[in-house]
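Peer 1: Got a structure for you, coords-v6.cif, holding mmCIF, C-alpha atoms.
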data_model
loop_
_atom_site.label_atom_id
_atom_site.label_comp_id
_atom_site.auth_asym_id
_atom_site.auth_seq_id
_atom_site.Cartn_x
_atom_site.Cartn_y
_atom_site.Cartn_z
CA MET F 1 111.87 -24.92 128.40
CA ALA F 2 111.58 -28.25 126.56
CA GLU F 3 113.88 -30.99 127.68
CA HIS F 4 116.39 -32.28 125.15
CA MET F 5 117.39 -35.91 124.81
CA ALA F 6 120.97 -36.58 125.87
CA VAL F 7 123.32 -37.40 123.00
CA HIS F 8 126.59 -39.33 123.06
CA VAL F 9 129.18 -39.54 120.33
CA CYS F 10 129.94 -42.94 118.81
CA PRO F 11 133.56 -43.91 119.60
CA GLN F 12 133.73 -45.91 116.38
CA CYS F 13 132.36 -43.59 113.67
CA GLY F 14 131.76 -40.28 115.49
CA ALA F 15 128.00 -40.17 114.80
CA ASP F 16 125.55 -38.82 117.37
CA MET F 17 123.81 -41.43 119.53
CA PRO F 18 120.58 -40.34 121.28
CA VAL F 19 120.27 -41.81 124.79
CA ASP F 20 117.10 -43.48 126.07
CA GLU F 21 117.40 -43.89 129.82
CA GLY F 22 117.41 -47.52 130.87
CA TYR F 23 118.28 -48.84 127.41
CA PRO F 24 121.64 -49.59 125.70
CA VAL F 25 123.31 -46.70 123.88
CA TRP F 26 124.10 -47.75 120.30
CA CYS F 27 125.00 -46.26 116.96
CA ALA F 28 122.56 -46.47 114.07
CA GLY F 29 125.34 -45.60 111.61
CA CYS F 30 127.84 -48.39 112.31
CA ASP F 31 125.94 -50.67 114.74
CA TRP F 32 128.42 -50.02 117.54
CA ASN F 33 127.09 -51.64 120.74
CA VAL F 34 123.87 -52.70 119.00
CA ALA F 35 124.18 -56.09 120.72
CA PRO F 36 126.34 -55.62 123.82
CA GLU F 37 126.28 -59.29 124.77
CA LEU F 38 127.64 -60.29 121.35
CA PHE F 39 130.36 -57.67 121.38
CA VAL F 40 131.48 -58.68 124.87
CA TYR F 41 132.12 -62.25 123.76
CA GLY F 42 133.19 -61.32 120.25
CA LEU F 43 131.67 -61.96 116.85
CA GLY F 44 134.51 -64.13 115.55
CA GLY F 45 133.39 -67.47 114.13
CA THR F 46 129.72 -66.59 114.08
CA ALA F 47 129.46 -66.51 110.29
CA GLU F 48 129.82 -70.28 110.03
CA ARG F 49 127.24 -70.78 112.77
CA ARG F 50 124.85 -68.42 111.02
CA ARG F 51 125.19 -70.38 107.76
CA GLU F 52 124.44 -73.57 109.68
CA LEU F 53 121.32 -72.03 111.20
CA ALA F 54 120.30 -70.70 107.81
CA GLY F 55 120.38 -74.19 106.35
CA ARG F 56 118.41 -75.63 109.23
CA HIS F 57 115.73 -73.01 109.59
CA GLY F 58 114.25 -72.03 106.31
CA THR F 59 116.67 -69.77 104.46
CA ALA F 60 116.36 -71.83 101.28
CA THR F 61 112.58 -71.57 101.52
CA PHE F 62 112.90 -67.84 102.18
CA GLU F 63 115.00 -67.36 99.05
CA GLU F 64 112.50 -69.34 96.97
CA LEU F 65 109.49 -67.40 98.25
CA ALA F 66 111.34 -64.08 98.00
CA ARG F 67 112.04 -64.88 94.36
CA GLU F 68 108.61 -66.23 93.42
CA GLY F 69 106.40 -64.28 95.84
CA THR F 70 104.01 -65.49 98.55
CA GLN F 71 100.65 -64.02 97.56
CA GLY F 72 98.07 -66.62 96.62
CA ARG F 73 100.41 -69.51 97.38
CA ARG F 74 99.55 -72.41 99.64
CA ALA F 75 101.61 -75.18 101.17
CA ARG F 76 102.61 -77.76 98.54
CA LEU F 77 101.97 -81.49 98.51
CA THR F 78 105.55 -82.36 99.43
CA PRO F 79 107.13 -85.83 99.83
CA SER F 80 107.31 -85.25 103.59
CA TYR F 81 103.55 -84.55 103.67
CA VAL F 82 102.78 -87.74 101.75
CA LEU F 83 105.20 -89.75 103.91
CA ALA F 84 103.65 -88.38 107.13
CA CYS F 85 100.14 -89.36 106.00
CA ALA F 86 101.34 -92.82 104.88
CA LEU F 87 103.10 -93.43 108.20
CA ALA F 88 100.04 -92.25 110.13
CA LEU F 89 97.80 -94.64 108.16
CA LEU F 90 100.27 -97.46 108.86
CA VAL F 91 100.03 -96.75 112.60
CA HIS F 92 96.23 -96.96 112.48
CA ALA F 93 96.37 -100.08 110.28
CA LEU F 94 98.59 -101.78 112.85
CA SER F 95 96.01 -101.12 115.55
CA PHE F 96 93.24 -102.72 113.50
CA ALA F 97 95.56 -105.58 112.57
CA LEU F 98 95.68 -106.48 116.27
CA LEU F 99 91.90 -106.56 116.35
CA GLY F 100 91.72 -108.60 113.14
CA VAL F 101 94.22 -111.18 114.39
CA GLY F 102 92.41 -111.47 117.71
CA VAL F 103 88.97 -111.94 116.14
CA TRP F 104 90.37 -114.40 113.58
CA LEU F 105 91.92 -116.54 116.34
CA LEU F 106 88.69 -116.53 118.34
CA VAL F 107 86.57 -117.54 115.33
CA ARG F 108 88.89 -120.04 113.64
CA SER F 109 90.35 -121.64 116.77
CA TRP F 110 87.24 -121.87 118.92
CA GLY F 111 87.81 -124.61 121.49
CA ASN F 112 91.61 -124.25 121.46
CA PRO F 113 92.34 -122.71 124.89
CA PHE F 114 95.77 -121.42 123.96
CA ALA F 115 94.58 -119.77 120.74
CA MET F 116 91.51 -118.31 122.44
CA VAL F 117 93.58 -116.80 125.26
CA PHE F 118 95.95 -115.31 122.71
CA GLY F 119 92.99 -114.00 120.69
CA VAL F 120 91.46 -112.36 123.75
CA LEU F 121 94.81 -110.76 124.57
CA MET F 122 94.99 -109.33 121.02
CA VAL F 123 91.51 -107.84 121.31
CA LEU F 124 92.28 -106.39 124.75
CA LEU F 125 95.54 -104.97 123.42
CA PHE F 126 93.61 -103.32 120.59
CA LEU F 127 91.23 -101.74 123.10
CA VAL F 128 94.23 -100.25 124.91
CA LEU F 129 96.20 -99.23 121.80
CA ARG F 130 93.27 -98.37 119.51
CA PRO F 131 93.44 -95.25 117.32
CA ARG F 132 92.67 -92.19 119.38
CA PHE F 133 91.94 -88.58 118.60
CA PRO F 134 93.51 -85.79 120.67
CA LYS F 135 91.38 -84.70 123.60
CA LEU F 136 90.85 -81.28 125.07
CA ASP F 137 91.76 -81.39 128.75
CA GLU F 138 88.48 -81.19 130.65
CA SER F 139 90.22 -79.49 133.59
CA VAL F 140 91.29 -76.55 131.41
CA PRO F 141 88.72 -73.70 131.40
CA ARG F 142 87.51 -72.92 127.92
CA LEU F 143 85.17 -70.51 126.19
CA GLY F 144 82.38 -71.58 123.89
CA ARG F 145 80.23 -69.55 121.53
CA VAL F 146 77.65 -68.93 124.25
CA ASP F 147 80.34 -67.59 126.61
CA ALA F 148 81.96 -65.17 124.14
CA PRO F 149 79.69 -64.54 121.12
CA ARG F 150 81.45 -61.35 119.95
CA LEU F 151 84.91 -62.91 120.21
CA PHE F 152 83.81 -65.97 118.25
CA LYS F 153 82.08 -63.82 115.65
CA PHE F 154 85.29 -61.86 115.21
CA VAL F 155 87.37 -65.05 114.90
CA ASP F 156 84.83 -66.32 112.36
CA SER F 157 85.38 -63.21 110.23
CA VAL F 158 89.16 -63.72 110.30
CA ALA F 159 88.74 -67.40 109.41
CA ALA F 160 86.57 -66.42 106.45
CA GLY F 161 89.24 -63.95 105.37
CA THR F 162 91.86 -66.72 105.34
CA GLY F 163 89.56 -69.14 103.57
CA THR F 164 89.14 -71.75 106.27
CA ARG F 165 86.60 -73.08 108.76
CA SER F 166 86.55 -71.36 112.16
CA ILE F 167 87.28 -72.79 115.60
CA ASP F 168 85.07 -74.67 118.05
CA ALA F 169 86.59 -73.60 121.38
CA ILE F 170 88.97 -71.05 122.89
CA VAL F 171 91.32 -71.86 125.75
CA VAL F 172 92.53 -68.68 127.47
CA GLU F 173 96.01 -69.02 128.98
CA PRO F 174 98.46 -66.67 130.73
CA TYR F 175 101.36 -67.29 128.36
CA VAL F 176 103.10 -64.90 125.97
CA ASN F 177 102.10 -67.06 123.03
CA ALA F 178 99.20 -68.28 120.94
CA GLY F 179 98.46 -71.35 118.86
CA VAL F 180 95.88 -73.66 117.36
CA THR F 181 95.41 -77.40 117.75
CA THR F 182 92.81 -80.00 116.90
CA TYR F 183 90.84 -82.34 119.13
CA GLY F 184 88.19 -84.96 118.51
CA LEU F 185 87.46 -85.90 114.91
CA ARG F 186 87.44 -82.46 113.26
CA ARG F 187 87.20 -79.95 116.06
CA ARG F 188 89.54 -76.97 116.35
CA VAL F 189 90.71 -75.01 119.36
CA LEU F 190 92.46 -71.66 119.66
CA HIS F 191 94.90 -71.27 122.57
CA LEU F 192 94.95 -67.56 123.36
CA GLY F 193 97.80 -66.42 125.58
CA LEU F 194 96.78 -63.22 127.37
CA GLY F 195 100.44 -62.32 127.92
CA LEU F 196 100.65 -61.73 124.15
CA TRP F 197 97.06 -60.76 123.34
CA ALA F 198 97.03 -57.97 125.94
CA VAL F 199 100.00 -56.12 124.42
CA LEU F 200 98.87 -56.19 120.78
CA THR F 201 97.22 -53.34 118.92
CA PRO F 202 93.81 -54.07 117.33
CA GLN F 203 95.19 -54.88 113.86
CA GLN F 204 98.03 -56.92 115.33
CA LYS F 205 95.34 -59.06 116.98
CA VAL F 206 93.78 -59.57 113.55
CA ALA F 207 97.21 -60.55 112.20
CA LEU F 208 97.79 -62.99 115.06
CA LEU F 209 94.49 -64.75 114.42
CA GLY F 210 95.13 -64.66 110.67
CA HIS F 211 98.50 -66.35 111.15
CA GLU F 212 97.19 -69.07 113.46
CA LEU F 213 94.11 -69.82 111.37
CA GLY F 214 96.37 -69.70 108.33
CA HIS F 215 97.86 -73.01 109.48
CA PHE F 216 94.46 -74.62 108.92
CA ALA F 217 94.02 -72.83 105.59
CA ASN F 218 97.41 -74.11 104.43
CA GLY F 219 96.60 -77.69 105.39
CA ASP F 220 99.50 -78.06 107.81
CA THR F 221 100.29 -81.73 108.30
CA ARG F 222 99.96 -81.82 112.08
CA TYR F 223 96.44 -80.42 111.94
CA THR F 224 95.00 -83.11 109.67
CA SER F 225 92.83 -85.66 111.47
CA VAL F 226 94.89 -88.64 110.25
CA VAL F 227 98.29 -87.33 111.35
CA ALA F 228 97.10 -85.63 114.55
CA SER F 229 95.37 -88.82 115.69
CA ALA F 230 98.44 -90.92 114.81
CA LEU F 231 100.71 -88.66 116.86
CA TYR F 232 98.32 -88.84 119.81
CA THR F 233 97.96 -92.61 119.45
CA LEU F 234 101.72 -93.12 119.40
CA ARG F 235 102.13 -91.03 122.55
CA VAL F 236 99.58 -93.30 124.26
CA TRP F 237 101.48 -96.35 123.02
CA VAL F 238 104.76 -95.05 124.43
CA LEU F 239 103.09 -94.25 127.76
CA VAL F 240 101.42 -97.66 128.07
CA LEU F 241 104.35 -99.74 126.78
CA ALA F 242 107.05 -97.96 128.79
CA PRO F 243 108.76 -100.44 131.18
CA GLU F 244 108.47 -97.84 133.96
CA SER F 245 104.66 -98.15 133.74
CA TRP F 246 104.87 -101.69 135.05
CA LYS F 247 107.22 -101.16 137.98
CA GLY F 248 106.03 -102.36 141.36
CA ARG F 249 103.85 -105.09 139.85
CA LEU F 250 104.36 -108.85 140.13
CA THR F 251 104.39 -109.13 136.36
CA HIS F 252 107.00 -106.41 135.94
CA LEU F 253 109.90 -108.55 134.72
CA LEU F 254 107.81 -110.64 132.35
CA VAL F 255 105.73 -107.79 130.93
CA ALA F 256 108.64 -105.35 130.71
CA GLY F 257 110.63 -107.96 128.81
CA LEU F 258 107.81 -108.72 126.38
CA LEU F 259 106.99 -105.06 125.75
CA ARG F 260 110.52 -103.74 125.42
CA ILE F 261 110.73 -104.21 121.64
CA PRO F 262 107.20 -102.81 120.96
CA TYR F 263 108.01 -99.87 123.26
CA TYR F 264 111.16 -98.90 121.37
CA ALA F 265 109.39 -99.43 118.05
CA ALA F 266 106.56 -97.09 119.11
CA ARG F 267 108.97 -94.47 120.46
CA SER F 268 111.08 -94.56 117.28
CA THR F 269 107.98 -94.27 115.09
CA LEU F 270 106.76 -91.31 117.14
CA THR F 271 110.13 -89.57 116.80
CA LEU F 272 110.17 -90.24 113.05
CA LEU F 273 106.64 -88.94 112.51
CA GLU F 274 107.35 -85.80 114.55
CA LYS F 275 110.48 -85.08 112.52
CA ILE F 276 108.69 -85.66 109.22
CA THR F 277 105.84 -83.32 110.15
CA LEU F 278 108.33 -80.63 111.14
CA ARG F 279 110.14 -80.62 107.80
CA GLY F 280 107.64 -78.37 106.07
CA PHE F 281 107.19 -75.91 108.91
CA PRO F 282 109.37 -73.03 107.60
CA ARG F 283 107.29 -72.82 104.40
CA ARG F 284 104.05 -73.09 106.33
CA GLU F 285 105.09 -70.33 108.74
CA TYR F 286 106.03 -68.01 105.88
CA LEU F 287 102.71 -68.68 104.14
CA ALA F 288 100.78 -68.24 107.39
CA ASP F 289 102.49 -64.84 107.69
CA ASP F 290 101.28 -64.06 104.18
CA LEU F 291 97.70 -64.91 105.16
CA ALA F 292 98.07 -62.70 108.23
CA ALA F 293 99.12 -59.85 105.93
CA GLU F 294 96.24 -60.60 103.58
CA VAL F 295 93.59 -60.42 106.28
CA ALA F 296 95.08 -57.72 108.56
CA SER F 297 97.40 -55.76 106.20
CA THR F 298 101.11 -56.17 105.62
CA GLU F 299 101.89 -53.41 108.11
CA ALA F 300 99.96 -55.16 110.89
CA ALA F 301 101.60 -58.52 110.17
CA ARG F 302 105.03 -56.88 110.19
CA ASP F 303 104.26 -55.09 113.47
CA LEU F 304 103.22 -58.43 114.96
CA MET F 305 106.58 -59.96 113.99
CA GLU F 306 108.40 -57.06 115.63
CA THR F 307 106.34 -57.49 118.80
CA LEU F 308 107.49 -61.12 118.94
CA LEU F 309 111.05 -59.81 119.29
CA HIS F 310 110.02 -58.53 122.74
CA VAL F 311 108.62 -61.81 124.09
CA GLU F 312 111.42 -62.13 126.67
CA ARG F 313 110.85 -58.53 127.79
CA ILE F 314 107.10 -59.12 128.15
CA ASP F 315 107.64 -62.36 130.03
CA GLY F 316 110.14 -60.67 132.36
CA GLU F 317 107.72 -57.84 133.08
CA LEU F 318 104.96 -60.36 133.74
CA ARG F 319 107.13 -62.03 136.37
CA ARG F 320 108.14 -58.69 137.87
CA LEU F 321 104.56 -57.49 138.21
CA THR F 322 103.41 -60.70 139.85
CA ASP F 323 106.38 -60.69 142.24
CA GLU F 324 105.65 -57.06 143.11
CA ALA F 325 101.99 -57.79 143.78
CA THR F 326 102.82 -60.87 145.85
CA ALA F 327 105.40 -59.03 147.96
CA GLY F 328 102.98 -56.17 148.67
CA ALA F 329 99.86 -58.27 149.13
CA ASP F 330 99.44 -57.08 152.73
CA ARG F 331 99.72 -53.39 151.89
CA PRO F 332 96.47 -51.55 151.10
CA ASP F 333 98.18 -49.34 148.50
CA THR F 334 99.23 -52.30 146.35
CA PRO F 335 97.18 -52.44 143.11
CA ARG F 336 94.99 -55.51 142.73
CA LEU F 337 96.73 -57.80 140.30
CA ASP F 338 93.54 -59.18 138.80
CA GLU F 339 92.48 -55.65 137.81
CA THR F 340 95.80 -54.22 136.63
CA LEU F 341 98.10 -57.00 135.40
CA TRP F 342 97.24 -57.11 131.71
CA PRO F 343 96.84 -53.32 131.17
CA ARG F 344 100.17 -52.68 132.93
CA LEU F 345 101.81 -55.29 130.73
CA ALA F 346 100.50 -53.49 127.64
CA ASP F 347 101.67 -50.12 128.99
CA HIS F 348 105.15 -51.54 129.59
CA LEU F 349 105.58 -52.63 125.97
CA ALA F 350 104.05 -49.41 124.65
CA SER F 351 106.67 -47.42 126.59
CA VAL F 352 109.58 -49.02 124.72
CA PRO F 353 111.12 -46.19 122.65
CA ALA F 354 111.44 -46.35 118.88
CA ARG F 355 115.25 -46.59 118.96
CA GLU F 356 115.10 -49.64 121.22
CA ARG F 357 112.61 -51.28 118.87
CA GLU F 358 114.95 -50.62 115.96
CA ARG F 359 117.88 -52.04 117.97
CA GLN F 360 115.92 -55.22 118.63
CA ARG F 361 115.25 -55.59 114.91
CA ARG F 362 118.97 -55.39 114.19
CA VAL F 363 119.83 -57.74 117.04
CA SER F 364 117.36 -60.30 115.71
CA ALA F 365 119.33 -60.47 112.45
CA LEU F 366 122.63 -60.90 114.31
CA ARG F 367 121.30 -63.58 116.64
CA TRP F 368 118.98 -65.28 114.13
CA HIS F 369 116.12 -64.89 116.57
CA GLN F 370 113.37 -67.50 116.30
CA GLN F 371 110.06 -67.73 118.08
CA ASP F 372 110.89 -71.40 118.64
CA ALA F 373 112.63 -74.25 116.83
CA THR F 374 109.73 -74.76 114.40
CA HIS F 375 109.77 -71.15 113.16
CA PRO F 376 112.13 -69.59 110.63
CA PRO F 377 114.31 -66.64 111.71
CA THR F 378 112.12 -63.66 112.59
CA HIS F 379 114.14 -61.14 110.57
CA LEU F 380 113.61 -63.26 107.44
CA ARG F 381 109.88 -63.34 108.13
CA ILE F 382 109.90 -59.54 108.40
CA GLU F 383 111.94 -59.17 105.21
CA LEU F 384 109.56 -61.43 103.29
CA LEU F 385 106.63 -59.30 104.44
CA ASP F 386 108.50 -56.17 103.33
CA ARG F 387 108.99 -57.68 99.89
CA ARG F 388 105.29 -58.50 99.74
CA GLY F 389 104.47 -54.83 99.68
CA PRO F 390 101.62 -52.90 101.35
CA SER F 391 98.10 -54.30 101.39
CA THR F 392 94.64 -53.32 102.59
CA ALA F 393 93.10 -55.17 105.52
CA LYS F 394 90.18 -57.50 104.83
CA VAL F 395 89.17 -57.44 108.50
CA VAL F 396 89.39 -54.35 110.71
CA LEU F 397 88.99 -54.60 114.48
CA ASP F 398 87.05 -51.51 115.51
CA GLU F 399 87.08 -50.06 119.01
CA ARG F 400 83.53 -51.13 119.84
CA THR F 401 84.18 -54.78 118.96
CA GLU F 402 87.47 -54.77 120.83
CA ARG F 403 85.78 -53.46 124.00
CA ALA F 404 83.07 -56.12 123.69
CA MET F 405 85.72 -58.83 123.34
CA GLU F 406 87.59 -57.50 126.37
CA ARG F 407 84.40 -57.71 128.45
CA GLU F 408 83.95 -61.34 127.41
CA LEU F 409 87.57 -62.12 128.34
CA ARG F 410 87.51 -60.17 131.61
CA SER F 411 86.45 -63.06 133.83
CA SER F 412 89.18 -65.31 132.41
CA ALA F 413 91.74 -62.51 132.66
CA LYS F 414 91.02 -61.94 136.36
CA ARG F 415 91.08 -65.66 137.11
CA LEU F 416 94.43 -66.13 135.36
CA ALA F 417 95.96 -63.11 137.09
CA ARG F 418 94.96 -64.50 140.49
CA ALA F 419 96.25 -67.95 139.54
CA ILE F 420 99.62 -66.52 138.47
CA ALA F 421 99.98 -64.64 141.76
CA GLN F 422 99.17 -67.77 143.77
CA ASP F 423 101.74 -69.83 141.87
CA ARG F 424 104.59 -67.39 142.53
#
So that I can check it, write out the structure of this file as structure tokens.
Peer 2:
Amino acid sequence: MAEHMAVHVCPQCGADMPVDEGYPVWCAGCDWNVAPELFVYGLGGTAERRRELAGRHGTATFEELAREGTQGRRARLTPSYVLACALALLVHALSFALLGVGVWLLVRSWGNPFAMVFGVLMVLLFLVLRPRFPKLDESVPRLGRVDAPRLFKFVDSVAAGTGTRSIDAIVVEPYVNAGVTTYGLRRRVLHLGLGLWAVLTPQQKVALLGHELGHFANGDTRYTSVVASALYTLRVWVLVLAPESWKGRLTHLLVAGLLRIPYYAARSTLTLLEKITLRGFPRREYLADDLAAEVASTEAARDLMETLLHVERIDGELRRLTDEATAGADRPDTPRLDETLWPRLADHLASVPARERERQRRVSALRWHQQDATHPPTHLRIELLDRRGPSTAKVVLDERTERAMERELRSSAKRLARAIAQDR
């Protein structure tokens, strides 16, 4: 005889509430107990807080894009974009001004010891504070096209679907996240977190890559060579000019005193440039979602957003599995973590019942869930995708290609699993 799911009756509206063992019991009719932690502490006063969050995290942009549509749109040339580029150019100009002053003093004041010493100091200071491009940490293992040809070919196809140039390197990491950055003059790197990649369905993987590469396609400020190099340069300035860098040296008092004003100027400029570049992020995230839908289908992009609602669950399971493997390392019946970690993580998320997934969607709207401070609320991203309407995928990840990509990632996956276990 088939087993029947247990059903409770909602104490608030009397509707039936199916019970999934191990998950909160809640009512789909009136939202009773949909967010137990919020109901325990009460919902009073949250409306004002929600309006505040809405103003800070992209609701105005959501309303504009919901009204005008997202398809075919790209990030605009906003005042913040122009200001960020102007400030970045000013930072680089200041570096070369040091060099110019130093060379001018050496040429025009040749024979004047004081001027020559000052000129040499200016040139040396330029060599320390010269414009720099972000570097890719040499100690971080990375994959090149020779190491993972099928994976790179697949990323290339997604990049073509979003209308941008592809990446030059892939850094595989254990995190429940993914992202893109730049390094060198025009080189691009994809940071692929296996904690997220392992739990995604094939088309969700297409959507993830479409979203990340969409940041390049949209011309996001932080990924332009001028701004990215200015941010990196300013971080070097702050590190070099910090008074703490000179502690323990005979010249500490003198140097720290001379560099205090330049240090605070560099730190303030860095803070300002970071804030300016963050101003356009809600729009760029929404439009990157649109590119994900364009290349992978709206359904896949929406499913990816809903998976992001379970990041804490995935991260918790990742810690539990590594703790379990570490505790049972001496027992022969304990599964090898390097062989089982990522598949077990995927199985865990796949086992989450449909009602719990729906509850998380509703909770995200109550809590204004965000992936992080630079992203708009997840439920607004989902709603904007719903308004976009269904679409056909430009790129489809077939089973054969996915298996080939998994084989290319296997060595990195095993290494990361062992590294996680050792760090616990």
Peer 1: When you count only C-alpha atoms, which of these residues is closest to Arg67 of chain F: F:Leu94, F:Ala160, F:Val120, F:Leu384?
Peer 2: F:Leu384
Peer 1: So that I can see what lies close to segment 103-109 of chain F, please list as a ChimeraX atom specification the residues with an atom at most 8 Å from it, counting only C-alpha atoms and leaving out residues fewer than 2 positions away in the same chain.
Peer 2: /F:99-101,111-112,115-116,118-120,123
Peer 1: When you count all atoms listed in the file, which of these residues is closest to Ile314 of chain F: F:Ser297, F:Asn33, F:Asn177, F:Gln12?
Peer 2: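 With all atoms listed in the file as the atom set, the closest residue is F:Asn177.
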Peer 1: Nearest to Val352 of chain F among F:Gln204, F:Thr307, F:Ser139, F:Ser95, with distances taken over only C-alpha atoms: which residue is it?
Peer 2: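 Among the listed residues, F:Thr307 lies closest to Val352 of chain F.
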Peer 1: Measuring between only C-alpha atoms, which one of F:Thr70, F:Thr298, F:Thr271, F:Thr277 shows the shortest distance to Cys85 of chain F?
Peer 2: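 For Cys85 of chain F, the nearest of the candidates is F:Thr277.
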Peer 1: Suppose a student applies the PyMOL selection byres ((chain F and resi 223) around 12) to this structure; what residues should they get, written as a PyMOL selection string?
Peer 2: chain F and resi 81+84-85+133-134+179-189+212-222+224-232+277-278+284
Peer 1: Would you place a box with edges along x, y and z of the file around all atoms of segment 104-118 of chain F listed there, add 4 Å to each of its six sides, and report the centre and edge lengths in Å to one decimal, as lines of an AutoDock Vina configuration file?
Peer 2:
center_x = 91.3
center_y = -119.5
center_z = 119.4
size_x = 17.4
size_y = 18.2
size_z = 19.7
